[in-house]
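Novice: Pasting a structure below so you can have a look.
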Amino acid sequence: MKSRALLALAPAVLFAGCVAAPTITSVRVSRTNLLSSQTSRINLTINDDNGLDDLVGAHLYSADGGYWFGAFAEVSDGVFEYVIDWGQLNEQQPIYFDFPTARELLVIVEDNDGESDRVAVTLTLSCRAAEHACDGACYPIDLDCADL
């Protein structure tokens, strides 16, 4: 009787054992220090033991996951890319600083089984020498943001 019950559970155990989360195996960022006129290209290499067809996609969020920048495009099997610019970062949270500031982003990769992997990416936002940022634009440091 026990052996029949165990035999009946075997397919469920085997199926559950086949679920594997996708894995972000590498992250490359073309530019980690971003000026107002520049873009940064984020490339991911992703592996999923259940096959790449199991992937739902890769997405870029703010560090807290509350703001969605967009989905990564697949450029080849298992390689995904997203290009982010200063304007998108300003839209998510207005850019104000006197000194370069770091903005952390979150990459989340998901598959059809609801499994996921995530990695943080940090970009440093900078203006040119003797400039600071006011509401997403760079101005000479001697101009007060309140006067613009």
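Labeling convention for the structure tokens: chains A, B, ... as they appear, residues from 1 per chain, ligands from 1 in order of appearance.
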Could you give me, as a PyMOL selection string, the residues within 6 Å of Pro140 of chain A, counting only C-alpha atoms and dropping anything in the same chain fewer than 2 positions from it?

Specialist: chain A and resi 130-131+142-143

Novice: For the residues in that selection, give me C-alpha atoms as an mmCIF file, in the first residue's frame.

Specialist:
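Full text of out-v2.cif as output:
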```cif
data_model
loop_
_atom_site.group_PDB
_atom_site.id
_atom_site.type_symbol
_atom_site.label_atom_id
_atom_site.label_comp_id
_atom_site.auth_asym_id
_atom_site.auth_seq_id
_atom_site.Cartn_x
_atom_site.Cartn_y
_atom_site.Cartn_z
ATOM 1 C CA ALA A 130 31.987 73.294 -12.378
ATOM 2 C CA GLU A 131 28.391 72.199 -13.058
ATOM 3 C CA ASP A 142 27.174 79.443 -9.498
ATOM 4 C CA LEU A 143 23.517 79.292 -10.647
#
```

Novice: DSSP on the backbone, strand (DSSP E or B) only: what residues of segment 75-113 of chain A does that give? Format it as an NGL selection string.

Specialist: :A and (75-76 or 79-85 or 97 or 101-111)

Novice: What does the structure give for the distance between atom CA of Val56 of chain A and atom CA of Glu74 of chain A, in Å to one decimal?

Specialist: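 Distance between the two atoms: 11.2 Å.
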
Novice: I'd like the contact shell of segment 75-89 of chain A - 7 Å cut-off, only C-alpha atoms, skipping same-chain residues fewer than 6 positions apart - returned as a PyMOL selection string.

Specialist: chain A and resi 36+38-47+52

Novice: Near Ile95 of chain A, within 7 Å and counting only C-alpha atoms, which residues show up once chain neighbours fewer than 5 positions away are dropped, as a ChimeraX atom specification?

Specialist: /A:90,133-136

Novice: Between A:Ala71, A:Val109, A:Leu123, A:Gln92, which residue has the minimum interatomic distance to Ser30 of chain A, considering only C-alpha atoms?

Specialist: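 That would be A:Leu123, the residue with the smallest distance to Ser30 of chain A.
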
Novice: I'd like the contact shell of Arg118 of chain A - 7 Å cut-off, only C-alpha atoms, skipping same-chain residues fewer than 5 positions apart - returned as an NGL selection string.

Specialist: :A and (106-109)

Novice: Given only C-alpha atoms as the basis, pick out the residue of A:Arg103, A:Gly51, A:Phe97, A:Asp111 nearest to Ile141 of chain A.

Specialist: A:Phe97

Novice: A:Asp98, A:Glu104, A:Asp147, A:Glu115: which is nearest Leu60 of chain A, counting only C-alpha atoms?

Specialist: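 Using only C-alpha atoms, Leu60 of chain A sits closest to A:Glu104.
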
Novice: Which of these residues is nearest to Phe69 of chain A, using only C-alpha atoms: A:Leu105, A:Cys127, A:Ile24, A:Leu35?

Specialist: A:Leu105
